[in-house]
Amino acid sequence: MKNFLIPTTLKDDTISAVKSAVKQSKSSGCEIILMMVSDAPDTFSSSSYLREMRTGLTASQEIVLETCRYIIEHTPNCKIKIHNQYGLSSPIFKHIIDVFSVKLVILTHSYKQETKRIHQYLVQLAGNQKCPILHLGSERFKEDFNKALYIENAHANMHVKDVQQFLNDNFSFEIVSQTSNFDDNYEKFAPYLTEAISKYDIDLLVETRKGEKIKFKKTKKENVNDKLGLPVLSLYEELV
């Protein structure tokens, strides 16, 4: 059984994330944890604390949640769990991944666009965990991925065969093409990337990452996920 963690504010693309998790389980069973995080109320009064924690869902959020439940109810061997988390830190996030035995964190485009500091903090905390992360694209995509483009980090000293072996052991993606990291030369590489994606019918990008110091910036750096609109599987280098 594979366990998936989906941080969410219950926007529509949460449904796509759940469908993608079901596809990744490959009918072997899964538990999907929808995690909603909030700041811990800053009060010493127990009644005030409970009152601030009692936040209801909007009508649109209720629809998204019920749709996710419906999908799981009609999927054999799959379960769904709602986890409300008040307050967040690196040890707490690591503990959540360990306790739920999470094999993949799925981040939706809408979640990464959230402006509240705690949501931005969670995205950065996820990047520092050893658990693989699937960044879903901003455009409409297939829930099931097969052919991948590997974006090689020259500083990682990692062979594509090692990455493919990790994918074989944990997923069912095949690397059909590779390219060097193009962060600083995207305009130059863009035509070649578009051609490769079309030629090989690529529906997923694969990259590796290292842990980074957490920083909050007013302007977000556009990453490969945003530039190409395709889902990106991010693997922690020490794990591969």
# chains A, B, ... in the order shown; residues from 1 in each chain; ligands from 1
>>> residues_around(residues="A:Ile15", least_positions_apart="6", cutoff="8 Å", atoms="only C-alpha atoms", output="tab-separated table (two decimals) with all heavy atoms, in the first residue's frame")
chain	number	residue	atom	x	y	z
A	64	VAL	N	-15.66	19.99	-3.12
A	64	VAL	CA	-14.37	19.36	-3.45
A	64	VAL	C	-14.12	18.17	-2.53
A	64	VAL	O	-13.73	17.09	-2.98
A	64	VAL	CB	-13.22	20.38	-3.33
A	64	VAL	CG1	-11.86	19.68	-3.40
A	64	VAL	CG2	-13.32	21.43	-4.43
A	67	THR	N	-16.39	15.27	-3.35
A	67	THR	CA	-15.95	14.63	-4.61
A	67	THR	C	-14.76	13.72	-4.36
A	67	THR	O	-14.71	12.60	-4.90
A	67	THR	CB	-15.58	15.71	-5.65
A	67	THR	OG1	-16.70	16.57	-5.86
A	67	THR	CG2	-15.18	15.07	-6.97
A	68	CYS	N	-13.82	14.17	-3.56
A	68	CYS	CA	-12.65	13.34	-3.23
A	68	CYS	C	-13.07	12.08	-2.49
A	68	CYS	O	-12.58	10.98	-2.78
A	68	CYS	CB	-11.66	14.14	-2.37
A	68	CYS	SG	-10.87	15.52	-3.22
>>> residues_around(residues="A:Ser180", least_positions_apart="4", cutoff="12 Å", atoms="only C-alpha atoms", output="ChimeraX atom specification")
/A:149-156,160,184-186,189,192-193,206-208
>>> write_last_selection(atoms="C-alpha atoms", output="PDB file, in the first residue's frame")
ATOM      1  CA  LEU A 149      12.155  13.951 -19.396  1.00  0.00           C
ATOM      2  CA  TYR A 150      15.050  13.915 -16.917  1.00  0.00           C
ATOM      3  CA  ILE A 151      16.493  17.354 -16.138  1.00  0.00           C
ATOM      4  CA  GLU A 152      20.076  16.674 -15.138  1.00  0.00           C
ATOM      5  CA  ASN A 153      21.698  18.813 -12.476  1.00  0.00           C
ATOM      6  CA  ALA A 154      25.387  19.104 -13.361  1.00  0.00           C
ATOM      7  CA  HIS A 155      26.304  19.551  -9.680  1.00  0.00           C
ATOM      8  CA  ALA A 156      24.450  16.429  -8.527  1.00  0.00           C
ATOM      9  CA  VAL A 160      20.552   8.810 -15.325  1.00  0.00           C
ATOM     10  CA  ASP A 184      19.577  30.413 -16.571  1.00  0.00           C
ATOM     11  CA  ASN A 185      19.066  29.720 -20.279  1.00  0.00           C
ATOM     12  CA  TYR A 186      15.416  28.817 -20.577  1.00  0.00           C
ATOM     13  CA  PHE A 189      16.523  25.785 -24.559  1.00  0.00           C
ATOM     14  CA  TYR A 192      14.441  22.112 -28.053  1.00  0.00           C
ATOM     15  CA  LEU A 193      12.393  21.225 -24.969  1.00  0.00           C
ATOM     16  CA  VAL A 206      11.966  14.458 -13.368  1.00  0.00           C
ATOM     17  CA  GLU A 207      14.467  16.537 -11.383  1.00  0.00           C
ATOM     18  CA  THR A 208      16.612  16.125  -8.286  1.00  0.00           C
TER      19      THR A 208
END
>>> closest_residue(among="A:Leu235, A:Leu88, A:Ile6, A:Ala190", to="A:Gln164", atoms="only C-alpha atoms")
A:Leu235
>>> closest_residue(among="A:Ile32, A:Ile72, A:Ile202, A:Val232", to="A:Leu134", atoms="only C-alpha atoms")
A:Val232
>>> select_by_dssp(residues="stretch 3-221 of chain A", states="helix (DSSP H, G or I)", output="ChimeraX atom specification")
/A:13-25,46-53,59-73,90-99,109-112,117-127,160-170,186-199
>>> write_last_selection(atoms="C-alpha atoms", output="CSV table (one decimal), in the first residue's frame")
chain,number,residue,atom,x,y,z
A,13,ASP,CA,-7.2,20.8,-8.4
A,14,THR,CA,-7.3,18.8,-5.2
A,15,ILE,CA,-9.6,16.5,-7.1
A,16,SER,CA,-6.9,16.0,-9.8
A,17,ALA,CA,-4.3,15.3,-7.1
A,18,VAL,CA,-6.5,12.6,-5.6
A,19,LYS,CA,-7.1,11.0,-9.0
A,20,SER,CA,-3.3,11.1,-9.6
A,21,ALA,CA,-2.7,9.4,-6.3
A,22,VAL,CA,-5.1,6.7,-7.1
A,23,LYS,CA,-3.4,6.1,-10.5
A,24,GLN,CA,0.0,6.0,-8.8
A,25,SER,CA,-1.2,3.3,-6.4
A,46,SER,CA,-8.8,27.7,26.3
A,47,SER,CA,-12.3,28.9,25.2
A,48,SER,CA,-10.8,31.4,22.7
A,49,TYR,CA,-8.4,28.7,21.4
A,50,LEU,CA,-11.3,26.3,20.7
A,51,ARG,CA,-13.4,29.1,19.2
A,52,GLU,CA,-10.6,30.2,16.8
A,53,MET,CA,-9.9,26.5,15.8
A,59,ALA,CA,-19.7,25.5,0.0
A,60,SER,CA,-17.1,25.1,-2.8
A,61,GLN,CA,-14.7,23.4,-0.3
A,62,GLU,CA,-17.4,21.0,0.8
A,63,ILE,CA,-18.1,20.1,-2.9
A,64,VAL,CA,-14.4,19.4,-3.4
A,65,LEU,CA,-14.1,17.3,-0.3
A,66,GLU,CA,-17.2,15.3,-1.1
A,67,THR,CA,-16.0,14.6,-4.6
A,68,CYS,CA,-12.6,13.3,-3.2
A,69,ARG,CA,-14.5,11.1,-0.8
A,70,TYR,CA,-16.7,9.8,-3.6
A,71,ILE,CA,-13.6,8.9,-5.7
A,72,ILE,CA,-12.1,6.9,-2.9
A,73,GLU,CA,-15.3,5.2,-2.0
A,90,SER,CA,10.3,21.1,10.5
A,91,PRO,CA,10.1,18.4,13.2
A,92,ILE,CA,6.3,18.3,13.1
A,93,PHE,CA,6.2,18.0,9.3
A,94,LYS,CA,8.8,15.2,9.4
A,95,HIS,CA,6.8,13.4,12.1
A,96,ILE,CA,3.6,13.6,10.0
A,97,ILE,CA,5.5,12.0,7.0
A,98,ASP,CA,6.9,9.3,9.3
A,99,VAL,CA,3.6,8.5,11.2
A,109,HIS,CA,-0.5,24.5,-8.5
A,110,SER,CA,-3.2,26.3,-6.4
A,111,TYR,CA,-1.6,25.3,-3.1
A,112,LYS,CA,1.8,26.7,-4.2
A,117,ARG,CA,2.8,32.4,5.2
A,118,ILE,CA,2.0,28.9,6.7
A,119,HIS,CA,1.2,27.5,3.3
A,120,GLN,CA,4.4,28.9,1.8
A,121,TYR,CA,6.3,27.5,4.8
A,122,LEU,CA,4.9,24.0,4.2
A,123,VAL,CA,6.0,24.0,0.5
A,124,GLN,CA,9.5,24.9,1.6
A,125,LEU,CA,9.5,22.3,4.4
A,126,ALA,CA,8.4,19.7,1.9
A,127,GLY,CA,11.4,20.4,-0.3
A,160,VAL,CA,20.6,8.8,-15.3
A,161,LYS,CA,20.7,5.0,-14.8
A,162,ASP,CA,20.6,5.5,-11.0
A,163,VAL,CA,17.5,7.8,-11.4
A,164,GLN,CA,15.8,5.3,-13.7
A,165,GLN,CA,16.5,2.5,-11.2
A,166,PHE,CA,14.9,4.5,-8.4
A,167,LEU,CA,11.9,5.1,-10.6
A,168,ASN,CA,11.6,1.4,-11.4
A,169,ASP,CA,11.7,0.5,-7.7
A,170,ASN,CA,9.1,3.1,-6.7
A,186,TYR,CA,15.4,28.8,-20.6
A,187,GLU,CA,14.8,31.0,-23.6
A,188,LYS,CA,17.6,29.3,-25.4
A,189,PHE,CA,16.5,25.8,-24.6
A,190,ALA,CA,12.7,26.3,-24.9
A,191,PRO,CA,12.4,25.3,-28.6
A,192,TYR,CA,14.4,22.1,-28.1
A,193,LEU,CA,12.4,21.2,-25.0
A,194,THR,CA,9.1,21.8,-26.8
A,195,GLU,CA,10.4,19.6,-29.7
A,196,ALA,CA,11.5,16.8,-27.3
A,197,ILE,CA,8.2,16.9,-25.4
A,198,SER,CA,6.2,16.6,-28.6
A,199,LYS,CA,8.5,14.0,-30.2
